[in-house]
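J.: Let me give you the structure first, and then I'll get to my questions.
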There are 2 protein chains.
Amino acid sequence: MNKMETVEEREAMSLHQRILADISERILSGEWAPGHRVPFEYELAQQYGCSRMTVNKALSQLAKAGLIERRRRSGSFVRRPQSQAAVLEIHDIKVEVQALGLPYSYALISRQKRKSTADDRVLLDLKQSTPVLDLTCLHRAGARPFCLEQRLISLTAVPEAADESFEEAAPGPWLVGHVPWSTAEHRIRATAAGEEVAAALEIEAGAACLAVERRTWSADHPVTQVRFTYPGDSHMLVARFTPSDGS
Amino acid sequence: MNKMETVEEREAMSLHQRILADISERILSGEWAPGHRVPFEYELAQQYGCSRMTVNKALSQLAKAGLIERRRRSGSFVRRPQSQAAVLEIHDIKVEVQALGLPYSYALISRQKRKSTADDRVLLDLKQSTPVLDLTCLHRAGARPFCLEQRLISLTAVPEAADESFEEAAPGPWLVGHVPWSTAEHRIRATAAGEEVAAALEIEAGAACLAVERRTWSADHPVTQVRFTYPGDSHMLVARFTPSDGS
DNA sequence: CCGCCTCTTATGTATATACATATTGGCGAA
DNA sequence: TTCGCCAATATGTATATACATAAGAGGCGG
């Protein structure tokens, strides 16, 4: 959406960035079609009046971003647009609500400590039966329910969670501060609100809801599984992606 | 999910990769908490017995991946886990259906060429009234409707599209092959099926559906806007993210 | 005590150089 | 003709070096 317009801007950029921008632009504009061979490193070095190392770093970065493919002995080639990927940011709900200019409030609906059931083990990716904490919470924007949170926390991975009441603080931010996470998996789908969910969200049973489920692992151990249910059209996930942003 | 287990694997890695893996691991394991100062470049260089350049490249990469923050004169610091971002891959529908082991079929429901209306201009991010192509298509998995595609294509950006009937080939793959794209924006939400959508998808009006909208630009010019509607629970978007994969 | 200047320090960027490594194309022997 | 080996080539990785730049630390004068 933003391009280098003025000569000044281009001159202000480092050579590295300039090479990167030039080449991405040619690829994205279609001037260099998929399959086209990008000039060799030494050619570009000559062209830009810089060393091969500088060009190498820029091209390596483009390769990492997926715009080009590098083949030893043959050169670098423009790749065809890959499987469309988008960076989806999932924010803290409090921040999300406040960004809408609405007052945020949080309430704990239920809290239960128990040995994991068979269902729990599937959701949390557990192998044995271990203690878990089962929480249900409601996030409000102003007076209206904004999102229902149904969460399981593995007490094996996070024993400190057993001592937290979660009556004041939402488990999400608390966990982020207490457990480093290494992998997260998201599932996003539409569901019809069940009786309980509908009651909590103050909508009609059967209404369309957006469900976002997240599972988190830390160093190969399952930490938590959570399902956020947003009522109907009220919520939307937005993702924006520019391949050259790989920079 | 996968870690370097054996000494052999570590030895096989380049120094660059090894430094990267070592530091990410310490951060992700929590050994270096948010706010912790990573050793200075020259210290790490000494520690690994390599030059500062090599360390510099590794640290720069970690900074780009968002794991650390670099401050001149002060050093590099571990950042707190950021807004959780996930790489969401949106595949070709044909591939998606076939991955489920179901026969895929495609049908064009309507095709209309017209001057863009006010609505079209909002959807497509157009400034003036220009010709657009309005398509509605149905993707089937076996006998059942899988996904309804409602698409606008800017004929200013893609004049060749006017000559395509889109009766055999779906517009998505065709566009990918004909237009390089530079930016895409996705919106994902749950909606209740309207009359027309319900009829096309052979579901009841008001049923919960997952709607994925995508807008695509090429070099600042809007190319296409598309809305995919998936019936109810039948579909799910999955995203997986490991921060150290920023490498 | 505050504001300004300078010095120090750690990172940012770029260079020339060297050697490793994968791949292609050609040459020669079976 | 085909297989196998070698040499040429483009990229991959690392080094030592140099200078730029931003920002904190400390000193100095008003």
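Labeling convention for the structure tokens: chains A, B, ... as they appear, residues from 1 per chain, ligands from 1 in order of appearance.
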Which residues of chain C come within 10 Å of chain B, and what is each one's closest atom pair and distance in Å (one decimal), counting only C-alpha atoms (C1' of nucleotides), sorted by chain and residue number, as CSV?

T.:
```
residue,atom,partner,partner_atom,distance
C:DT8,C1',B:Arg73,CA,9.2
C:DT9,C1',B:Arg73,CA,5.5
C:DA10,C1',B:Arg73,CA,4.2
C:DT11,C1',B:Arg72,CA,5.0
C:DG12,C1',B:Arg72,CA,9.1
```

J.: Write a file of the just-selected residues containing N, CA, C and O atoms (P, O5', C5', C4', C3', O3' and C1' of nucleotides), as a CSV table (one decimal), in the first residue's frame.

T.:
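Dumped everything to again_32.csv:
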```csv
chain,number,residue,atom,x,y,z
C,8,DT,P,36.6,8.6,25.5
C,8,DT,O5',35.5,7.5,25.8
C,8,DT,C5',34.8,7.5,27.0
C,8,DT,C4',33.7,6.5,27.0
C,8,DT,C3',34.0,5.2,26.3
C,8,DT,O3',33.6,4.1,27.2
C,8,DT,C1',32.1,6.0,25.4
C,9,DT,P,34.0,2.6,26.9
C,9,DT,O5',32.7,2.0,26.3
C,9,DT,C5',31.4,2.2,27.1
C,9,DT,C4',30.3,1.8,26.2
C,9,DT,C3',30.5,0.5,25.4
C,9,DT,O3',29.4,-0.4,25.6
C,9,DT,C1',29.8,2.1,24.0
C,10,DA,P,29.6,-1.9,25.7
C,10,DA,O5',28.5,-2.4,24.6
C,10,DA,C5',27.1,-2.0,24.9
C,10,DA,C4',26.4,-2.0,23.6
C,10,DA,C3',26.6,-3.3,22.7
C,10,DA,O3',25.4,-3.9,22.4
C,10,DA,C1',26.9,-1.2,21.5
C,11,DT,P,25.3,-5.1,21.4
C,11,DT,O5',24.7,-4.4,20.1
C,11,DT,C5',23.5,-3.7,20.3
C,11,DT,C4',23.2,-2.7,19.1
C,11,DT,C3',23.0,-3.5,17.8
C,11,DT,O3',21.8,-2.9,17.2
C,11,DT,C1',24.7,-1.8,17.5
C,12,DG,P,21.4,-3.5,15.8
C,12,DG,O5',22.0,-2.5,14.7
C,12,DG,C5',21.4,-1.2,14.5
C,12,DG,C4',21.9,-0.6,13.2
C,12,DG,C3',21.7,-1.6,12.0
C,12,DG,O3',21.2,-0.9,10.9
C,12,DG,C1',24.0,-1.0,12.2
```

J.: Can you check which parts of chain D lie within 10 Å of chain B? Per residue, the shortest pair of atoms and distance in Å to one decimal, counting only C-alpha atoms (C1' of nucleotides), sorted by chain and number, as a tab-separated table.

T.:
```
residue	atom	partner	partner_atom	distance
D:DT13	C1'	B:Ser14	CA	7.8
D:DA14	C1'	B:Thr54	CA	7.1
D:DT15	C1'	B:Ser51	CA	6.5
D:DA16	C1'	B:Ser51	CA	8.1
D:DT21	C1'	B:Arg72	CA	8.9
D:DA22	C1'	B:Arg72	CA	6.0
D:DA23	C1'	B:Arg73	CA	5.9
D:DG24	C1'	B:Arg73	CA	6.9
```

J.: Looking at only C-alpha atoms, which of B:Ile27, B:Ala200, B:Val223, B:Leu155 is the one that sits closest to chain A?

T.: B:Ile27

J.: Which residues, written as a ChimeraX atom specification, have at least one atom at most 8 Å from Leu20 in chain B, with only C-alpha atoms (C1' of nucleotides) counted and residues fewer than 4 positions away on the same chain left out?

T.: /B:16,24,58-59,62

J.: Please dump the current selection as a CSV table (one decimal), in the first residue's frame; keep all heavy atoms.

T.:
```csv
chain,number,residue,atom,x,y,z
B,16,HIS,N,25.7,-20.0,12.7
B,16,HIS,CA,24.6,-19.0,12.6
B,16,HIS,C,23.4,-19.7,13.2
B,16,HIS,O,22.7,-19.2,14.1
B,16,HIS,CB,24.4,-18.7,11.2
B,16,HIS,CG,23.2,-17.8,10.9
B,16,HIS,ND1,23.3,-16.4,10.9
B,16,HIS,CD2,21.9,-18.0,10.7
B,16,HIS,CE1,22.2,-15.9,10.7
B,16,HIS,NE2,21.3,-16.8,10.5
B,24,SER,N,17.1,-18.9,21.2
B,24,SER,CA,15.7,-19.1,21.2
B,24,SER,C,15.3,-20.0,22.3
B,24,SER,O,14.3,-19.8,23.0
B,24,SER,CB,15.1,-19.6,19.9
B,24,SER,OG,15.9,-19.3,18.8
B,58,ALA,N,22.7,-13.3,13.5
B,58,ALA,CA,21.8,-14.2,14.3
B,58,ALA,C,20.9,-13.3,15.2
B,58,ALA,O,19.7,-13.5,15.2
B,58,ALA,CB,22.6,-15.2,15.1
B,59,LEU,N,21.5,-12.4,15.9
B,59,LEU,CA,20.7,-11.5,16.8
B,59,LEU,C,19.7,-10.7,16.0
B,59,LEU,O,18.6,-10.5,16.4
B,59,LEU,CB,21.6,-10.6,17.6
B,59,LEU,CG,22.4,-11.3,18.7
B,59,LEU,CD1,23.1,-10.3,19.6
B,59,LEU,CD2,21.5,-12.2,19.6
B,62,LEU,N,16.8,-12.8,15.2
B,62,LEU,CA,15.9,-12.9,16.4
B,62,LEU,C,15.1,-11.7,16.6
B,62,LEU,O,13.9,-11.8,17.0
B,62,LEU,CB,16.7,-13.2,17.6
B,62,LEU,CG,17.3,-14.7,17.7
B,62,LEU,CD1,18.2,-14.8,18.9
B,62,LEU,CD2,16.1,-15.6,17.9
```

J.: All Cα atoms, paired in order, least squares: that's the fit I need for chain B onto chain A, output as a short mmCIF file (atom, residue, chain, number, x, y, z; two decimals) with C-alpha atoms, in the first residue's frame.

T.:
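This is the output file result-v4.cif:
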```cif
data_model
loop_
_atom_site.label_atom_id
_atom_site.label_comp_id
_atom_site.auth_asym_id
_atom_site.auth_seq_id
_atom_site.Cartn_x
_atom_site.Cartn_y
_atom_site.Cartn_z
CA MET B 1 0.17 0.35 0.23
CA ASN B 2 3.27 2.43 0.86
CA LYS B 3 5.99 2.71 -1.70
CA MET B 4 9.24 4.58 -1.83
CA GLU B 5 8.25 7.70 -3.67
CA THR B 6 11.07 10.17 -3.52
CA VAL B 7 14.65 9.79 -4.58
CA GLU B 8 15.65 11.09 -1.16
CA GLU B 9 13.95 8.17 0.55
CA ARG B 10 15.73 5.70 -1.68
CA GLU B 11 19.07 7.35 -1.05
CA ALA B 12 18.50 7.28 2.68
CA MET B 13 18.03 3.52 2.66
CA SER B 14 20.91 1.16 3.21
CA LEU B 15 22.11 -0.71 0.16
CA HIS B 16 20.72 -3.90 1.62
CA GLN B 17 17.26 -2.38 1.89
CA ARG B 18 17.50 -0.77 -1.50
CA ILE B 19 18.33 -4.00 -3.29
CA LEU B 20 15.52 -5.67 -1.41
CA ALA B 21 12.99 -2.98 -2.29
CA ASP B 22 14.06 -2.83 -5.95
CA ILE B 23 13.72 -6.53 -6.50
CA SER B 24 10.46 -6.95 -4.57
CA GLU B 25 8.97 -4.11 -6.55
CA ARG B 26 9.91 -5.68 -9.86
CA ILE B 27 8.41 -8.96 -8.79
CA LEU B 28 5.24 -7.53 -7.28
CA SER B 29 4.68 -5.19 -10.23
CA GLY B 30 4.82 -8.19 -12.52
CA GLU B 31 7.85 -6.88 -14.43
CA TRP B 32 9.60 -10.09 -13.45
CA ALA B 33 7.00 -12.81 -13.86
CA PRO B 34 7.04 -16.10 -11.98
CA GLY B 35 9.80 -18.28 -13.38
CA HIS B 36 11.93 -15.30 -14.39
CA ARG B 37 15.56 -15.62 -13.44
CA VAL B 38 16.80 -12.87 -11.17
CA PRO B 39 20.29 -11.63 -12.14
CA PHE B 40 23.12 -13.59 -10.56
CA GLU B 41 24.58 -12.38 -7.31
CA TYR B 42 27.79 -11.18 -8.95
CA GLU B 43 25.79 -9.32 -11.62
CA LEU B 44 23.72 -7.49 -9.02
CA ALA B 45 26.86 -6.79 -7.01
CA GLN B 46 28.41 -5.15 -10.07
CA GLN B 47 25.17 -3.31 -10.87
CA TYR B 48 24.84 -1.83 -7.40
CA GLY B 49 28.55 -1.41 -6.96
CA CYS B 50 28.71 -3.50 -3.81
CA SER B 51 30.10 -6.82 -2.68
CA ARG B 52 28.47 -10.18 -3.32
CA MET B 53 27.88 -10.63 0.43
CA THR B 54 25.52 -7.69 0.52
CA VAL B 55 23.55 -9.00 -2.45
CA ASN B 56 23.61 -12.47 -0.94
CA LYS B 57 22.01 -11.26 2.27
CA ALA B 58 19.28 -9.43 0.40
CA LEU B 59 18.49 -12.37 -1.86
CA SER B 60 18.52 -14.80 1.07
CA GLN B 61 15.97 -12.62 2.75
CA LEU B 62 13.75 -12.54 -0.33
CA ALA B 63 13.99 -16.31 -0.45
CA LYS B 64 12.95 -16.52 3.19
CA ALA B 65 10.03 -14.23 2.46
CA GLY B 66 9.00 -16.63 -0.29
CA LEU B 67 9.29 -14.24 -3.22
CA ILE B 68 12.13 -16.06 -4.92
CA GLU B 69 13.53 -19.55 -4.96
CA ARG B 70 17.25 -20.12 -5.02
CA ARG B 71 18.84 -22.99 -6.87
CA ARG B 72 22.52 -23.73 -6.70
CA ARG B 73 24.33 -23.61 -9.95
CA SER B 74 21.20 -22.28 -11.71
CA GLY B 75 20.45 -18.98 -10.06
CA SER B 76 17.47 -17.40 -8.29
CA PHE B 77 13.97 -17.53 -9.74
CA VAL B 78 10.76 -15.65 -9.08
CA ARG B 79 8.24 -17.94 -7.41
CA ARG B 80 4.58 -17.93 -8.26
CA PRO B 81 2.43 -16.37 -5.55
CA GLN B 82 2.29 -18.96 -2.83
CA SER B 83 -0.59 -20.19 -0.80
CA GLN B 84 -1.89 -16.96 0.48
CA ALA B 85 -0.75 -16.52 4.02
CA ALA B 86 -1.84 -13.80 6.32
CA VAL B 87 -0.58 -12.73 9.66
CA LEU B 88 -3.51 -12.96 11.96
CA GLU B 89 -3.17 -11.06 15.15
CA ILE B 90 -5.21 -12.15 18.08
CA HIS B 91 -5.24 -9.49 20.71
CA ASP B 92 -6.02 -9.45 24.35
CA ILE B 93 -9.79 -9.23 24.70
CA LYS B 94 -9.62 -6.36 27.16
CA VAL B 95 -7.57 -4.35 24.69
CA GLU B 96 -9.94 -5.34 21.93
CA VAL B 97 -12.99 -4.15 23.81
CA GLN B 98 -11.38 -0.93 24.90
CA ALA B 99 -10.26 -0.26 21.35
CA LEU B 100 -13.97 -0.18 20.51
CA GLY B 101 -14.38 2.55 23.10
CA LEU B 102 -16.50 0.39 25.39
CA PRO B 103 -16.03 -0.25 29.11
CA TYR B 104 -14.59 -3.69 29.72
CA SER B 105 -15.57 -6.01 32.54
CA TYR B 106 -14.71 -9.55 33.39
CA ALA B 107 -16.44 -12.22 35.43
CA LEU B 108 -15.55 -15.76 36.42
CA ILE B 109 -18.49 -18.11 35.86
CA SER B 110 -17.01 -21.38 37.03
CA ARG B 111 -13.72 -22.78 38.23
CA GLN B 112 -13.01 -26.44 38.73
CA LYS B 113 -9.82 -28.33 39.51
CA ARG B 114 -9.85 -31.99 38.49
CA LYS B 115 -7.97 -34.91 37.00
CA SER B 116 -8.14 -34.63 33.23
CA THR B 117 -10.92 -36.57 31.58
CA ALA B 118 -10.55 -38.29 28.22
CA ASP B 119 -12.08 -35.25 26.54
CA ASP B 120 -9.67 -32.92 28.29
CA ARG B 121 -6.75 -35.02 27.12
CA VAL B 122 -7.83 -34.70 23.51
CA LEU B 123 -8.34 -30.95 23.80
CA LEU B 124 -5.11 -30.31 25.63
CA ASP B 125 -2.94 -32.81 23.73
CA LEU B 126 -2.10 -34.62 26.97
CA LYS B 127 -0.85 -38.19 27.03
CA GLN B 128 -1.51 -39.16 30.64
CA SER B 129 -4.12 -38.18 33.14
CA THR B 130 -2.81 -35.13 34.96
CA PRO B 131 -4.49 -32.39 37.00
CA VAL B 132 -6.13 -29.60 35.04
CA LEU B 133 -7.95 -26.40 35.85
CA ASP B 134 -11.22 -25.85 34.01
CA LEU B 135 -12.39 -22.23 33.80
CA THR B 136 -15.35 -20.52 32.25
CA CYS B 137 -15.34 -16.74 32.08
CA LEU B 138 -17.34 -13.99 30.50
CA HIS B 139 -15.93 -10.86 28.96
CA ARG B 140 -18.33 -7.95 28.66
CA ALA B 141 -18.29 -4.82 26.55
CA GLY B 142 -20.47 -2.34 28.40
CA ALA B 143 -23.49 -4.22 29.68
CA ARG B 144 -23.50 -6.77 26.87
CA PRO B 145 -21.63 -10.06 26.82
CA PHE B 146 -18.77 -9.81 24.35
CA CYS B 147 -17.13 -13.19 24.50
CA LEU B 148 -17.35 -16.45 26.42
CA GLU B 149 -14.05 -18.04 27.38
CA GLN B 150 -13.85 -21.76 28.13
CA ARG B 151 -10.36 -22.75 29.18
CA LEU B 152 -8.34 -25.72 30.32
CA ILE B 153 -4.97 -25.19 31.95
CA SER B 154 -2.50 -28.01 32.52
CA LEU B 155 -1.46 -27.83 36.17
CA THR B 156 1.56 -29.93 35.32
CA ALA B 157 2.86 -27.19 33.06
CA VAL B 158 1.65 -24.31 35.26
CA PRO B 159 1.33 -25.43 38.88
CA GLU B 160 1.07 -21.83 40.10
CA ALA B 161 -2.29 -21.56 38.38
CA ALA B 162 -3.83 -23.70 41.14
CA ASP B 163 -3.28 -20.83 43.60
CA GLU B 164 -4.95 -18.24 41.42
CA SER B 165 -8.64 -17.61 41.85
CA PHE B 166 -9.08 -15.88 38.47
CA GLU B 167 -11.99 -13.96 39.96
CA GLU B 168 -10.48 -10.59 39.22
CA ALA B 169 -7.91 -11.23 36.51
CA ALA B 170 -8.62 -13.07 33.27
CA PRO B 171 -6.52 -16.19 32.78
CA GLY B 172 -5.23 -15.11 29.36
CA PRO B 173 -3.06 -12.17 30.39
CA TRP B 174 -2.06 -14.01 33.58
CA LEU B 175 -0.74 -16.96 31.58
CA VAL B 176 1.12 -14.75 29.14
CA GLY B 177 2.96 -13.23 32.07
CA HIS B 178 3.71 -16.57 33.73
CA VAL B 179 4.48 -19.02 30.94
CA PRO B 180 6.63 -18.50 27.91
CA TRP B 181 4.94 -20.14 24.93
CA SER B 182 6.67 -21.66 21.98
CA THR B 183 3.88 -22.82 19.72
CA ALA B 184 0.26 -21.93 19.29
CA GLU B 185 -2.40 -23.45 17.11
CA HIS B 186 -5.62 -21.73 16.20
CA ARG B 187 -8.85 -23.11 14.84
CA ILE B 188 -11.50 -20.76 13.68
CA ARG B 189 -15.00 -21.78 12.79
CA ALA B 190 -18.64 -20.86 12.86
CA THR B 191 -20.92 -22.71 15.24
CA ALA B 192 -24.51 -22.54 16.31
CA ALA B 193 -24.76 -21.50 19.95
CA GLY B 194 -25.64 -24.36 22.30
CA GLU B 195 -27.97 -23.89 25.28
CA GLU B 196 -25.28 -22.98 27.80
CA VAL B 197 -23.31 -20.74 25.51
CA ALA B 198 -26.49 -18.98 24.38
CA ALA B 199 -27.51 -18.38 27.98
CA ALA B 200 -24.12 -16.96 28.94
CA LEU B 201 -23.95 -14.72 25.87
CA GLU B 202 -27.61 -13.73 26.17
CA ILE B 203 -28.45 -14.73 22.64
CA GLU B 204 -30.86 -17.26 21.19
CA ALA B 205 -29.86 -20.89 21.04
CA GLY B 206 -28.80 -21.80 17.52
CA ALA B 207 -27.57 -18.30 16.65
CA ALA B 208 -24.40 -18.12 14.59
CA CYS B 209 -21.23 -17.64 16.63
CA LEU B 210 -17.58 -17.30 15.80
CA ALA B 211 -15.47 -19.78 17.74
CA VAL B 212 -11.73 -19.28 18.06
CA GLU B 213 -9.86 -22.13 19.68
CA ARG B 214 -6.26 -21.83 20.70
CA ARG B 215 -3.89 -24.46 22.00
CA THR B 216 -0.54 -23.44 23.35
CA TRP B 217 2.61 -25.39 24.03
CA SER B 218 5.76 -24.45 25.86
CA ALA B 219 8.85 -26.46 25.04
CA ASP B 220 6.77 -29.43 23.80
CA HIS B 221 4.50 -29.48 26.84
CA PRO B 222 0.85 -28.55 26.43
CA VAL B 223 -0.01 -25.51 28.50
CA THR B 224 -3.54 -24.46 27.82
CA GLN B 225 -6.48 -24.88 25.51
CA VAL B 226 -9.06 -22.18 25.20
CA ARG B 227 -12.21 -21.59 23.22
CA PHE B 228 -13.52 -18.07 22.72
CA THR B 229 -17.07 -17.82 21.50
CA TYR B 230 -18.20 -14.49 20.06
CA PRO B 231 -21.84 -13.88 19.36
CA GLY B 232 -22.94 -13.62 15.74
CA ASP B 233 -21.86 -10.76 13.56
CA SER B 234 -20.56 -8.80 16.53
CA HIS B 235 -17.03 -9.91 15.96
CA MET B 236 -14.62 -10.18 13.12
CA LEU B 237 -11.02 -11.20 12.71
CA VAL B 238 -8.96 -9.03 10.45
CA ALA B 239 -5.69 -9.96 8.85
CA ARG B 240 -3.57 -7.94 6.51
CA PHE B 241 -0.62 -9.15 4.57
CA THR B 242 2.00 -7.65 2.33
CA PRO B 243 4.53 -10.18 1.12
CA SER B 244 7.42 -7.73 1.02
CA ASP B 245 6.91 -7.21 4.75
CA GLY B 246 8.88 -10.41 5.16
CA SER B 247 11.78 -8.00 5.49
#
```

J.: Might you pull out every residue within 12 Å of DA30 in chain C, with only C-alpha atoms (C1' of nucleotides) counted and same-chain residues fewer than 5 positions away left off, and present them as a PyMOL selection string?

T.: chain D and resi 1-4

J.: Write out as an NGL selection string which residues come within 12 Å of DC27 in chain C when counting only C-alpha atoms (C1' of nucleotides), dropping same-chain ones fewer than 6 positions away.

T.: :D and (4-7)

J.: Between C1' of DA14 in chain C and C1' of DA18 in chain D, what is the distance, to one decimal in Å?

T.: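 About the pair C1' of DA14 in chain C and C1' of DA18 in chain D: they are 8.6 Å apart.
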
J.: Among range 16-243 of chain B, which residues does DSSP mark as helix (DSSP H, G or I) when it is run on the backbone? Keep the chain and numbering as in the structure and answer as JSON, numbers by chain.

T.: {"B": [16, 17, 18, 19, 20, 21, 22, 23, 24, 25, 26, 27, 28, 29, 41, 42, 43, 44, 45, 46, 47, 48, 52, 53, 54, 55, 56, 57, 58, 59, 60, 61, 62, 63, 64, 65, 93, 94, 95, 96, 97, 98, 99, 118, 119, 120, 121, 122, 123, 124, 159, 160, 161, 162, 163, 171, 172, 173, 174, 175, 176, 177, 178, 195, 196, 197, 198, 199, 200, 201, 232, 233, 234, 243]}

J.: Range 9-210 of chain B: which residues are strand (DSSP E or B) by DSSP, as a PyMOL selection string?

T.: chain B and resi 37-38+68-71+75-78+84-90+104-115+131-141+144-154+183-192+208-210
